[in-house]
Every structure is written in structure tokens, then in C-alpha cells.
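Data block for input-v4.pdb (PDB, C-alpha atoms):
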```
ATOM      1  CA  MET A   1       0.000   0.000   0.000
ATOM      2  CA  LYS A   2       1.270   3.464  -0.884
ATOM      3  CA  LEU A   3       0.737   6.481   1.330
ATOM      4  CA  ASP A   4      -0.453   8.602  -1.571
ATOM      5  CA  ALA A   5      -3.083   5.964  -2.438
ATOM      6  CA  LEU A   6      -4.779   6.144   0.983
ATOM      7  CA  PRO A   7      -8.271   7.659   0.805
ATOM      8  CA  LYS A   8      -8.918  10.981   2.553
ATOM      9  CA  ILE A   9     -11.003  10.547   5.701
ATOM     10  CA  LYS A  10     -13.977  12.918   5.901
ATOM     11  CA  GLY A  11     -13.099  15.929   8.045
ATOM     12  CA  SER A  12      -9.348  15.362   7.875
ATOM     13  CA  THR A  13      -8.720  18.175   5.399
ATOM     14  CA  HIS A  14      -9.858  21.782   5.741
ATOM     15  CA  ARG A  15     -10.030  24.743   3.402
ATOM     16  CA  HIS A  16      -7.391  27.357   4.243
ATOM     17  CA  LYS A  17      -8.589  30.603   5.848
ATOM     18  CA  ILE A  18      -8.737  33.526   3.386
ATOM     19  CA  LEU A  19      -7.838  36.727   5.196
ATOM     20  CA  GLY A  20      -8.132  40.457   4.484
ATOM     21  CA  ARG A  21     -10.873  40.324   1.842
ATOM     22  CA  GLY A  22     -13.517  42.611   3.359
ATOM     23  CA  ARG A  23     -15.905  42.723   6.310
ATOM     24  CA  GLY A  24     -18.389  40.320   4.762
ATOM     25  CA  THR A  25     -15.934  37.412   5.028
ATOM     26  CA  GLY A  26     -15.573  37.729   8.775
ATOM     27  CA  HIS A  27     -11.814  37.919   8.327
ATOM     28  CA  GLY A  28     -11.486  41.457   6.977
ATOM     29  CA  LYS A  29      -9.728  44.571   8.289
ATOM     30  CA  THR A  30      -7.514  43.120  11.047
ATOM     31  CA  SER A  31      -7.574  39.619   9.486
ATOM     32  CA  GLY A  32      -8.368  37.841  12.729
ATOM     33  CA  ARG A  33      -5.488  39.420  14.652
ATOM     34  CA  GLY A  34      -7.534  41.784  16.821
ATOM     35  CA  HIS A  35      -6.552  45.405  17.554
ATOM     36  CA  LYS A  36      -2.964  46.385  18.345
ATOM     37  CA  GLY A  37      -0.789  44.388  20.678
ATOM     38  CA  MET A  38       2.295  42.297  20.124
ATOM     39  CA  LYS A  39       0.560  39.483  18.241
ATOM     40  CA  ALA A  40      -1.111  41.939  15.842
ATOM     41  CA  ARG A  41       2.247  43.232  14.537
ATOM     42  CA  SER A  42       4.233  41.662  11.738
ATOM     43  CA  GLY A  43       6.926  39.485  13.243
ATOM     44  CA  GLY A  44       4.993  39.714  16.502
ATOM     45  CA  GLY A  45       5.127  37.017  19.140
ATOM     46  CA  HIS A  46       7.581  36.204  21.867
ATOM     47  CA  ARG A  47      10.731  34.096  21.762
ATOM     48  CA  PRO A  48      10.840  30.511  23.033
ATOM     49  CA  GLY A  49      11.177  30.459  26.807
ATOM     50  CA  PHE A  50       9.554  33.874  27.320
ATOM     51  CA  GLU A  51       7.141  33.841  30.262
ATOM     52  CA  GLY A  52       5.520  37.265  30.013
ATOM     53  CA  GLY A  53       8.147  39.103  32.040
ATOM     54  CA  GLN A  54       8.388  36.487  34.775
ATOM     55  CA  MET A  55      11.946  35.228  35.254
ATOM     56  CA  PRO A  56      12.107  32.308  32.790
ATOM     57  CA  LEU A  57      12.790  28.777  33.939
ATOM     58  CA  TYR A  58      16.122  28.500  32.147
ATOM     59  CA  ARG A  59      17.371  31.522  34.128
ATOM     60  CA  ARG A  60      15.875  30.402  37.429
ATOM     61  CA  LEU A  61      17.710  27.067  37.433
ATOM     62  CA  PRO A  62      21.381  27.018  38.442
ATOM     63  CA  LYS A  63      24.027  26.302  35.850
ATOM     64  CA  ARG A  64      25.618  22.881  36.225
ATOM     65  CA  GLY A  65      28.735  21.551  34.582
ATOM     66  CA  PHE A  66      30.502  22.253  31.339
ATOM     67  CA  ASN A  67      32.099  20.359  28.445
ATOM     68  CA  ASN A  68      35.830  20.161  29.016
ATOM     69  CA  VAL A  69      37.685  20.572  25.711
ATOM     70  CA  ASN A  70      40.758  18.906  27.237
ATOM     71  CA  ARG A  71      38.848  15.870  28.531
ATOM     72  CA  ILE A  72      40.797  12.626  28.532
ATOM     73  CA  ASP A  73      38.999   9.349  27.875
ATOM     74  CA  TYR A  74      40.343   6.196  29.472
ATOM     75  CA  ALA A  75      40.299   2.656  28.144
ATOM     76  CA  VAL A  76      39.410  -0.082  30.652
ATOM     77  CA  LEU A  77      41.998  -2.823  31.219
ATOM     78  CA  ASN A  78      41.141  -5.439  33.845
ATOM     79  CA  VAL A  79      43.651  -7.807  35.402
ATOM     80  CA  ARG A  80      41.420 -10.754  34.450
ATOM     81  CA  ASP A  81      41.996  -9.834  30.800
ATOM     82  CA  PHE A  82      45.734 -10.487  31.188
ATOM     83  CA  GLU A  83      45.028 -14.074  32.262
ATOM     84  CA  GLU A  84      43.699 -14.932  28.802
ATOM     85  CA  LEU A  85      46.890 -13.614  27.191
ATOM     86  CA  GLU A  86      49.273 -15.543  29.442
ATOM     87  CA  GLY A  87      52.167 -17.074  27.534
ATOM     88  CA  LYS A  88      51.522 -14.973  24.422
ATOM     89  CA  THR A  89      53.206 -11.915  22.949
ATOM     90  CA  PHE A  90      50.716  -9.078  22.748
ATOM     91  CA  GLY A  91      50.399  -5.386  22.046
ATOM     92  CA  LEU A  92      47.759  -2.704  22.340
ATOM     93  CA  GLU A  93      45.334  -4.260  19.825
ATOM     94  CA  GLU A  94      45.258  -7.604  21.653
ATOM     95  CA  LEU A  95      44.770  -5.891  25.033
ATOM     96  CA  VAL A  96      41.852  -3.844  23.723
ATOM     97  CA  ALA A  97      40.300  -6.932  22.112
ATOM     98  CA  ALA A  98      40.624  -8.910  25.353
ATOM     99  CA  SER A  99      39.121  -6.142  27.469
ATOM    100  CA  SER A 100      36.120  -5.562  25.166
ATOM    101  CA  ARG A 101      34.742  -9.098  25.135
ATOM    102  CA  ALA A 102      31.099  -9.954  25.706
ATOM    103  CA  PRO A 103      29.991 -10.325  29.346
ATOM    104  CA  SER A 104      30.015 -13.853  30.716
ATOM    105  CA  PRO A 105      28.178 -15.346  33.748
ATOM    106  CA  SER A 106      31.366 -15.015  35.837
ATOM    107  CA  ARG A 107      31.605 -11.355  34.894
ATOM    108  CA  PRO A 108      28.680  -9.195  36.131
ATOM    109  CA  THR A 109      26.990  -6.927  33.588
ATOM    110  CA  VAL A 110      27.528  -3.215  34.171
ATOM    111  CA  SER A 111      25.110  -0.617  32.870
ATOM    112  CA  PRO A 112      26.426   1.493  29.957
ATOM    113  CA  ARG A 113      26.172   4.641  32.065
ATOM    114  CA  THR A 114      28.311   3.168  34.858
ATOM    115  CA  ARG A 115      30.740   1.701  32.327
ATOM    116  CA  LYS A 116      31.123   5.121  30.696
ATOM    117  CA  ARG A 117      31.747   6.765  34.065
ATOM    118  CA  ARG A 118      34.312   4.122  35.042
ATOM    119  CA  SER A 119      36.017   4.183  31.665
ATOM    120  CA  ARG A 120      36.872   7.842  32.129
ATOM    121  CA  LYS A 121      38.600   7.100  35.429
ATOM    122  CA  LEU A 122      40.644   3.995  34.682
ATOM    123  CA  ALA A 123      44.226   3.527  33.658
ATOM    124  CA  ALA A 124      44.983   3.684  29.927
ATOM    125  CA  ARG A 125      44.942   7.274  28.718
ATOM    126  CA  ARG A 126      43.307   8.035  25.386
ATOM    127  CA  SER A 127      42.675  11.540  24.115
ATOM    128  CA  SER A 128      39.264  12.405  22.718
ATOM    129  CA  SER A 129      40.620  15.109  20.406
ATOM    130  CA  LYS A 130      42.154  13.666  17.253
ATOM    131  CA  SER A 131      43.651  17.001  16.166
ATOM    132  CA  ARG A 132      46.478  16.960  18.731
ATOM    133  CA  SER A 133      49.469  14.773  18.251
ATOM    134  CA  ARG A 134      49.815  12.653  21.384
ATOM    135  CA  PRO A 135      51.578   9.350  21.979
ATOM    136  CA  PRO A 136      49.503   6.213  21.446
ATOM    137  CA  PRO A 137      47.239   5.405  24.408
ATOM    138  CA  LEU A 138      49.146   2.373  25.670
ATOM    139  CA  SER A 139      52.629   2.540  24.254
ATOM    140  CA  GLU A 140      55.013  -0.178  25.436
ATOM    141  CA  PRO A 141      57.057   2.070  27.795
ATOM    142  CA  ARG A 142      53.850   3.098  29.599
ATOM    143  CA  LEU A 143      52.589  -0.475  29.718
ATOM    144  CA  ALA A 144      55.845  -1.866  31.141
ATOM    145  CA  PRO A 145      55.310  -0.721  34.802
ATOM    146  CA  VAL A 146      51.845  -2.277  34.806
ATOM    147  CA  LEU A 147      53.200  -5.568  33.523
ATOM    148  CA  ASP A 148      56.071  -5.454  36.062
ATOM    149  CA  VAL A 149      53.573  -5.254  38.920
ATOM    150  CA  LEU A 150      51.614  -8.166  37.470
ATOM    151  CA  GLY A 151      54.772 -10.178  36.808
ATOM    152  CA  LEU A 152      53.981 -10.316  33.084
ATOM    153  CA  ARG A 153      56.921  -8.250  31.729
ATOM    154  CA  GLN A 154      58.289 -11.216  29.720
ATOM    155  CA  LEU A 155      55.057 -11.210  27.644
ATOM    156  CA  LEU A 156      55.922  -7.797  26.226
ATOM    157  CA  GLU A 157      59.410  -8.795  25.138
ATOM    158  CA  ASP A 158      60.015 -10.647  21.870
ATOM    159  CA  PRO A 159      60.772 -14.374  22.285
TER     160      PRO A 159
END
```

Represent the structure contained in this file as C-alpha cells.
Amino acid sequence: MKLDALPKIKGSTHRHKILGRGRGTGHGKTSGRGHKGMKARSGGGHRPGFEGGQMPLYRRLPKRGFNNVNRIDYAVLNVRDFEELEGKTFGLEELVAASSRAPSPSRPTVSPRTRKRRSRKLAARRSSSKSRSRPPPLSEPRLAPVLDVLGLRQLLEDP
């Protein structure tokens, strides 16, 4: 079925109002706008949010927060993800792939909002602005201290 082939339902369409064509039409002289006032003028009417002089809601509420242009996003790396890579040589791509696996029964599901909040706080630094030239998020020198603590330094070195 095509939308243009649907029949018109009685009463669904109306004839447009013809304005300014004499007193006999009922819409002559002021054309249904009344006498004077803001809404009678061309371009008349108030802006969105205007409340007739009362302090508008968007000015009554306190300002909260801002968008930080220098915000740093963080990638999540869990210790349990290193267990899967034990005995293998790996780099950044493998770490990211291991940390972004689907949730399993042993791993509780976290809401996207909480995950987003946590991901900003955790270890691997990743810049949100692509225009700046920064080092890669988890370069090997920065990853080395983490692997030393975990006793996995030999995994980073070539065999």
C-alpha cells in the first residue's frame, strides 16, 4: 500500500482561511489578529522560553557543569583480561580486544552509564581530540610498569 493511495477521511482536510478580503468574510480589516498588541504586529510574538516578564525557567535554574575541551577518555583494562593472554606476545590491539569481550556469567553486567563513568577514570589514557598529536594510548614504555607489577613483563618482550 502506498501512502499517496490512501483515501482521505472525511473531516481530515480543511479549506485554508482567506484573510483580508472585506468585512463580509468575517476575516477582513484586522484579518483575525484583533486590535494592536504584540501578536497583531508583523513578526509579533515572543521568543521561546519567554514567560511574560516572569523570570524564565532556564534563568531560574542554576548552571551545572561544562564540556571540558581537554577531557581525557580512558580505556578499561582489567587484570582478568591479562590471564587470557598468558604465555603470548601481545600489544595494544590484543589488550583492547581482550578487554572488550562480551559479558560472561562469571563477569557481572555493568550498565552502559556506569561503564562510561568508570572508563573515564581507569588507567589507559586516550585523548578524545584527534587534532592533537599525542603518543599512542598504551605505548610499550607506559605499559611496562603495569606488567612489572603483574609479573607479566616477559610477555611484552620478543621471544

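Here atom CA of A:Lys36 and atom CA of A:Gly20 stand 15.9 Å from one another.
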
Can you measure atom CA of A:Leu57 to atom CA of A:Arg33 for me? One decimal in Å is fine. 28.6 Å

Evaluate the PyMOL selection byres ((chain A and resi 30) around 12) and record the selected residues as a ChimeraX atom specification, following the chain and residue labels used in the document. /A:19-23,25-29,31-37,39-42

Two-atom distance - atom CA of A:Gly44, atom CA of A:Pro56 (Å): 19.3 Å

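Comparing A:Leu77, A:Asp4, A:Glu83, A:Tyr58 by their smallest distance to A:Leu95, the closest is A:Leu77 (using only C-alpha atoms).
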
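Residue nearest A:Leu85, chosen from A:Ile9, A:Met1, A:Met55, A:Ala97 and counting only C-alpha atoms: A:Ala97.
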
Stretch 83-89 of chain A: axis-aligned bounding box, 6 Å on each side, centre and edge lengths in Å, one decimal, as AutoDock Vina command-line options:
```
--center_x 48.5 --center_y -14.5 --center_z 27.6 --size_x 21.5 --size_y 17.2 --size_z 21.3
```
